[in-house]
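Asks: Quick one: the structure is below, questions incoming.
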Amino acid sequence: MAQAADFQGTSASPARRWLRRTGVLLAGAPLLAGLLQLPASPSADAVERTAVADATGSKTVDVSLDSLSPSVPSDGDTFTVSGRITNKGKQSVTDAQVGLRVGPTMNGRSSIDTAAKNNPYAGTEVGGSFVQDFAKLEPGVQQSFSLSVPVDELELGADGVYQLGVTLTGETAAQPYERILGIERTFLPWQPDAAETKTRTTYLWPLISTPHMTAETGSNEQQTPVFKDDDLAAELGPGGRLQQLLTLGKELDVTWVIDPDLLASVVAMTSGYEIQTSAETTTAGTHQEVAKQWLAELEKAVEGKEVIALPFADPDLASLAHKGTKVAGSLSHLKDATEVAATTVESILHVTPSTDYAWPANGAIDPSIVKVATSAGADTVISRSDSLKETGGLSYTPSAARPIGGGTTAVVADARLSTAFQGDMAVAGNTTLAVQKFLAQTLMITLQQPGRQRSIVVAPQRMPSASQAQTMAQALTALQGGNWSQSAELSAATETKPDPGATTRVPSEYPPSLRKQELPPETFERIEITQRKLNKFRVILTRESRVVTPFGRALNRAMSASWRGREAEEVVYRSGVETYIDDLTKQVALIEKSEAKLSGRSATIPITVQNNLVQGVDHLVLRLTSEQPSRLRIGERAYREQRVEVSGGHSESVKFTANGRANGRYAVTAQLYTEDRQPYGRPITFEVSVTEITPTVMLVIAGGVLLLVLAGFRMYTQRKRAVARQAGQGLDDGAEDEAEDGREAAFPSESGTASDAESGLASPVKSGADDPEQPSDPSPDTAPESTDPSDTGERVDR
């Protein structure tokens, strides 16, 4: 009620207010006698109730505070408030004036929350000329204002948090009198001198992103990494979220909290990477220099600073505790993610990180989460005060460290401060209010127990946006320049002696709103199935690390806390990992075989193993099994095995001896096995046709072969005679006759016998009409008594 009474007409100048009041009195003088006869005038409460009704119009004009400078004023400063006003009503506002009001100090942290939520009080207007006039505000039109007031004029008294209000007063045609038409409230921390005992404040500065790398690598010797998108490059580039966090964080006293997966992904980008454009195709990434520059700056930023390494890919500890522990092997993934965290950060940033901390989503814990969080080696759990709530009735905010049993410490981050920047910080008005409220809360913590030093921890959202990071940095810069707080590392806050009255009991229930965001049981079930497939595949590889490492990291990413609220994307990523291991496994397979024929008692059956991987495979056994071993045996048994080794990109033919016992068609199955007798890949089945060969068939075949040999010999002798005859045609007739006479004298013929000069054979040739003629034989001589030449080829007896 006092608020409304204080609002009415207080923004006008003193002369203007006097004229209005005088006019009201003169106008009411003729009615004075009548009024005296009326019932008593309304009480002060009634007047205030009427004023309150009028004050409901304070939302007519929207007042936004874009900046307060300085956020934490000191003696001698000039305090400047800038912002914008927008007429949201349907009528023009005339005689408008923007002024500044200062209220009393707040009396506790809860009162700050109430004031921020309910806007209950504006305070007393700062007098003098520290106002800005606007003759007219048209509906929907936005205008800027700026008020500068010496701090001494604010009449701030004792140390504390003051309410600060910026109001717009004016008139409308419907209500032609001065009243507050718009107001915005904020907080002004006032601590001009250093506090007797400063609060130690630890601020966690998270460098965490969503999973970007897949399990897939390029089909080359370099194993080029494949990213599911190029969003990480946008975060690392100018103005990007991670670029802003790095640029701002290196100027602040903070504790860096880093996901090793982010570092590994950025390193993978520096030497060349590919981006998935579809299920079958990729394109080359082009932001190598952006990644290199970001890593170089980060290495300098963390030098000499405390670095906390989360388990690789920041696994969702709550989901694992509630849904994953029932699946065999799930906890082993957490242990693996923890073990690889330190080596990843150290090898990239050249600092030794701490891996003693587990950070569940939103700092919410229950006994099962604590058990899982510490199972991989962490001995400290980062919780939050809205989970580990105070029940002891303390009148002050206790230090963050709490022993919760079993040698485990809970570092309880302050919920109010940790959630201070979760809104839309892209709006300047939201930023200004968030910064001032954050500063007010930290000062109030110190004022609760001025002589008791306490350590508080601030654990903001895991992945702040660029605007949120800028607001966080603005608030921290102001806090670190204030007189009531000093920066501290997380390890120092952990080692602080706990307050005796602080709560140490872990809550038994988990918030239902957070449980709805957890990963489903199917996630952990499919991860375990994929792991079994990987285990079967890795044993046949000659360089298994080329597959085990990228798949192991991909399975860690599949259980990341960043999938909360993104179930569809999580399913796509996880399914992609499992599909890829299936595809790789199929690259080592048996080639389909058609029917084989066995003509005889035994023969060789070849089976081909194809390896389309880049690396070679070994430790495989190929088994060939006869379905009817009594009729067809592989060697001397029903089956036979041979070890298989195939180089990358090649195939190998493995030969088996088969023995047929009877004619027929028999099924044979070929199957690959690992050395531990686990089937590998899909078997192939084909038929072997056995045909028995009899002795009669063998004689027929032998006779045929003999005829072929004789025919070949006859062709050879005919060809040789033809060559000799062609050579003899080069002699002249006389020489030929003399040579012929000489041959006859040396080899006289008997009973019509001729010499076979060409063949060099001297055996006689029998005459007779039935003797067959050969085309290559020379024409025989005729008898002397015959005067007629004999026909060609005619043989004449002598």
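We label chains A, B, ... in the order they appear in the structure tokens, count residues from 1 in each chain, and number ligands from 1 in the order shown.
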Hey, what does DSSP flag as helix (DSSP H, G or I) within range 450-632 of chain A? Can you give it to me as an MDAnalysis selection string?
Replies: chainID A and resid 466:480 490:495 512:515 521:538 545:558 561:563 567:585
Asks: For Ser92 in chain A, find every residue with an atom within 9 Å (counting only C-alpha atoms), except residues of its own chain fewer than 3 positions away, and show them as a short mmCIF file (atom, residue, chain, number, x, y, z; two decimals) with C-alpha atoms, in the first residue's frame.
Replies:
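Final output, saved to part.cif:
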data_model
loop_
_atom_site.label_atom_id
_atom_site.label_comp_id
_atom_site.auth_asym_id
_atom_site.auth_seq_id
_atom_site.Cartn_x
_atom_site.Cartn_y
_atom_site.Cartn_z
CA ASN A 87 4.48 2.30 -25.23
CA GLY A 89 -0.86 0.77 -24.75
CA LYS A 136 4.99 12.19 -26.22
CA LEU A 137 5.23 8.41 -26.57
CA GLU A 138 3.28 7.02 -29.47
CA PRO A 139 1.88 3.44 -29.23
CA GLU A 171 -0.55 10.89 -18.67
CA THR A 172 -3.00 9.47 -21.18
CA ALA A 173 -6.18 10.97 -22.68
#
Asks: Contacts of Thr217 in chain A at 9 Å or less, counting only C-alpha atoms, minus same-chain residues fewer than 2 places along, as a count of residues only?
Replies: 13
Asks: List every residue of range 370-417 of chain A that DSSP, applied to the backbone, labels as strand (DSSP E), and write the result as an mmCIF file with N, CA and C atoms, in the first residue's frame.
Replies:
data_model
loop_
_atom_site.group_PDB
_atom_site.id
_atom_site.type_symbol
_atom_site.label_atom_id
_atom_site.label_comp_id
_atom_site.auth_asym_id
_atom_site.auth_seq_id
_atom_site.Cartn_x
_atom_site.Cartn_y
_atom_site.Cartn_z
ATOM 1 N N THR A 380 34.818 -37.532 -5.484
ATOM 2 C CA THR A 380 34.072 -36.324 -5.207
ATOM 3 C C THR A 380 32.958 -36.171 -6.227
ATOM 4 N N VAL A 381 31.764 -35.879 -5.751
ATOM 5 C CA VAL A 381 30.605 -35.706 -6.614
ATOM 6 C C VAL A 381 30.163 -34.244 -6.546
ATOM 7 N N ILE A 382 30.028 -33.617 -7.710
ATOM 8 C CA ILE A 382 29.540 -32.238 -7.768
ATOM 9 C C ILE A 382 28.023 -32.275 -7.797
ATOM 10 N N SER A 383 27.423 -31.865 -6.701
ATOM 11 C CA SER A 383 25.977 -31.839 -6.581
ATOM 12 C C SER A 383 25.491 -30.389 -6.629
ATOM 13 N N ARG A 384 24.224 -30.157 -6.260
ATOM 14 C CA ARG A 384 23.677 -28.806 -6.248
ATOM 15 C C ARG A 384 22.729 -28.677 -5.063
ATOM 16 N N ALA A 401 31.640 -28.053 0.576
ATOM 17 C CA ALA A 401 32.107 -29.428 0.826
ATOM 18 C C ALA A 401 31.280 -30.093 1.905
ATOM 19 N N ARG A 402 30.868 -31.336 1.641
ATOM 20 C CA ARG A 402 30.099 -32.136 2.605
ATOM 21 C C ARG A 402 30.560 -33.602 2.526
ATOM 22 N N PRO A 403 30.885 -34.211 3.640
ATOM 23 C CA PRO A 403 31.139 -35.661 3.624
ATOM 24 C C PRO A 403 29.804 -36.409 3.580
ATOM 25 N N THR A 409 33.110 -37.237 -0.941
ATOM 26 C CA THR A 409 32.766 -35.853 -0.636
ATOM 27 C C THR A 409 31.821 -35.327 -1.703
ATOM 28 N N ALA A 410 30.792 -34.637 -1.259
ATOM 29 C CA ALA A 410 29.902 -33.944 -2.189
ATOM 30 C C ALA A 410 30.239 -32.464 -2.154
ATOM 31 N N VAL A 411 30.550 -31.899 -3.325
ATOM 32 C CA VAL A 411 30.735 -30.463 -3.436
ATOM 33 C C VAL A 411 29.405 -29.895 -3.904
ATOM 34 N N VAL A 412 28.710 -29.181 -3.025
ATOM 35 C CA VAL A 412 27.353 -28.728 -3.297
ATOM 36 C C VAL A 412 27.394 -27.318 -3.887
ATOM 37 N N ALA A 413 27.145 -27.227 -5.180
ATOM 38 C CA ALA A 413 27.108 -25.925 -5.841
ATOM 39 C C ALA A 413 25.842 -25.179 -5.451
#
Asks: List the neighbours of range 360-375 of chain A out to 6 Å using only C-alpha atoms; skip same-chain residues closer than 6 positions along the sequence, and give me the result as an mmCIF file with N, CA and C atoms, in the first residue's frame.
Replies:
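The resulting result.cif:
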data_model
loop_
_atom_site.group_PDB
_atom_site.id
_atom_site.type_symbol
_atom_site.label_atom_id
_atom_site.label_comp_id
_atom_site.auth_asym_id
_atom_site.auth_seq_id
_atom_site.Cartn_x
_atom_site.Cartn_y
_atom_site.Cartn_z
ATOM 1 N N LEU A 317 25.568 -40.072 -15.878
ATOM 2 C CA LEU A 317 25.715 -40.921 -14.703
ATOM 3 C C LEU A 317 24.364 -41.348 -14.141
ATOM 4 N N ALA A 318 23.394 -40.450 -14.170
ATOM 5 C CA ALA A 318 22.070 -40.800 -13.638
ATOM 6 C C ALA A 318 21.404 -41.865 -14.493
ATOM 7 N N ALA A 321 23.056 -45.105 -13.784
ATOM 8 C CA ALA A 321 22.695 -45.659 -12.478
ATOM 9 C C ALA A 321 21.291 -46.232 -12.471
ATOM 10 N N SER A 383 27.423 -31.865 -6.701
ATOM 11 C CA SER A 383 25.977 -31.839 -6.581
ATOM 12 C C SER A 383 25.491 -30.389 -6.629
ATOM 13 N N ARG A 384 24.224 -30.157 -6.260
ATOM 14 C CA ARG A 384 23.677 -28.806 -6.248
ATOM 15 C C ARG A 384 22.729 -28.677 -5.063
ATOM 16 N N SER A 387 19.319 -30.170 -4.821
ATOM 17 C CA SER A 387 19.245 -31.627 -4.688
ATOM 18 C C SER A 387 19.604 -32.026 -3.261
ATOM 19 N N VAL A 506 22.254 -37.864 1.591
ATOM 20 C CA VAL A 506 21.934 -37.917 0.162
ATOM 21 C C VAL A 506 20.444 -38.193 -0.003
ATOM 22 N N PRO A 507 19.765 -37.421 -0.836
ATOM 23 C CA PRO A 507 18.323 -37.651 -1.019
ATOM 24 C C PRO A 507 18.055 -39.014 -1.635
ATOM 25 N N SER A 508 16.939 -39.608 -1.239
ATOM 26 C CA SER A 508 16.606 -40.950 -1.723
ATOM 27 C C SER A 508 15.852 -40.927 -3.050
#
Asks: Could you list, as number ranges by chain, every residue within 8 Å of range 57-64 of chain A, counting only C-alpha atoms and ignoring same-chain residues fewer than 4 positions away?
Replies: A: 83-89, 166-168, 180-184, 429
Asks: Go ahead and dump the residues you just picked, N, CA and C atoms, as an mmCIF file, in the first residue's frame.
Replies:
data_model
loop_
_atom_site.group_PDB
_atom_site.id
_atom_site.type_symbol
_atom_site.label_atom_id
_atom_site.label_comp_id
_atom_site.auth_asym_id
_atom_site.auth_seq_id
_atom_site.Cartn_x
_atom_site.Cartn_y
_atom_site.Cartn_z
ATOM 1 N N GLY A 83 18.661 2.318 -21.096
ATOM 2 C CA GLY A 83 17.650 1.346 -21.476
ATOM 3 C C GLY A 83 16.731 1.865 -22.552
ATOM 4 N N ARG A 84 15.567 1.220 -22.652
ATOM 5 C CA ARG A 84 14.583 1.570 -23.680
ATOM 6 C C ARG A 84 13.187 1.558 -23.073
ATOM 7 N N ILE A 85 12.343 2.388 -23.618
ATOM 8 C CA ILE A 85 10.936 2.420 -23.208
ATOM 9 C C ILE A 85 10.083 2.236 -24.454
ATOM 10 N N THR A 86 9.008 1.461 -24.313
ATOM 11 C CA THR A 86 8.108 1.191 -25.430
ATOM 12 C C THR A 86 6.672 1.286 -24.931
ATOM 13 N N ASN A 87 5.884 2.140 -25.591
ATOM 14 C CA ASN A 87 4.475 2.298 -25.229
ATOM 15 C C ASN A 87 3.701 1.088 -25.734
ATOM 16 N N LYS A 88 3.234 0.240 -24.820
ATOM 17 C CA LYS A 88 2.486 -0.954 -25.167
ATOM 18 C C LYS A 88 0.980 -0.710 -25.213
ATOM 19 N N GLY A 89 0.558 0.494 -24.792
ATOM 20 C CA GLY A 89 -0.863 0.774 -24.754
ATOM 21 C C GLY A 89 -1.408 1.216 -26.100
ATOM 22 N N VAL A 166 13.574 1.851 -12.032
ATOM 23 C CA VAL A 166 13.499 2.874 -13.072
ATOM 24 C C VAL A 166 12.031 2.965 -13.475
ATOM 25 N N THR A 167 11.444 4.150 -13.334
ATOM 26 C CA THR A 167 10.014 4.316 -13.592
ATOM 27 C C THR A 167 9.781 5.323 -14.712
ATOM 28 N N LEU A 168 8.648 5.140 -15.370
ATOM 29 C CA LEU A 168 8.178 6.121 -16.343
ATOM 30 C C LEU A 168 6.822 6.614 -15.885
ATOM 31 N N ILE A 180 2.403 6.411 -12.556
ATOM 32 C CA ILE A 180 3.440 5.497 -13.061
ATOM 33 C C ILE A 180 2.820 4.589 -14.111
ATOM 34 N N LEU A 181 3.402 4.643 -15.300
ATOM 35 C CA LEU A 181 2.914 3.815 -16.410
ATOM 36 C C LEU A 181 3.877 2.686 -16.775
ATOM 37 N N GLY A 182 5.047 2.725 -16.214
ATOM 38 C CA GLY A 182 6.009 1.666 -16.490
ATOM 39 C C GLY A 182 7.097 1.626 -15.435
ATOM 40 N N ILE A 183 7.571 0.440 -15.095
ATOM 41 C CA ILE A 183 8.609 0.301 -14.078
ATOM 42 C C ILE A 183 9.409 -0.974 -14.313
ATOM 43 N N GLU A 184 10.686 -0.895 -14.025
ATOM 44 C CA GLU A 184 11.561 -2.073 -14.031
ATOM 45 C C GLU A 184 12.440 -1.997 -12.803
ATOM 46 N N GLY A 429 18.078 -6.596 -21.717
ATOM 47 C CA GLY A 429 17.394 -6.424 -20.448
ATOM 48 C C GLY A 429 17.543 -7.623 -19.545
#
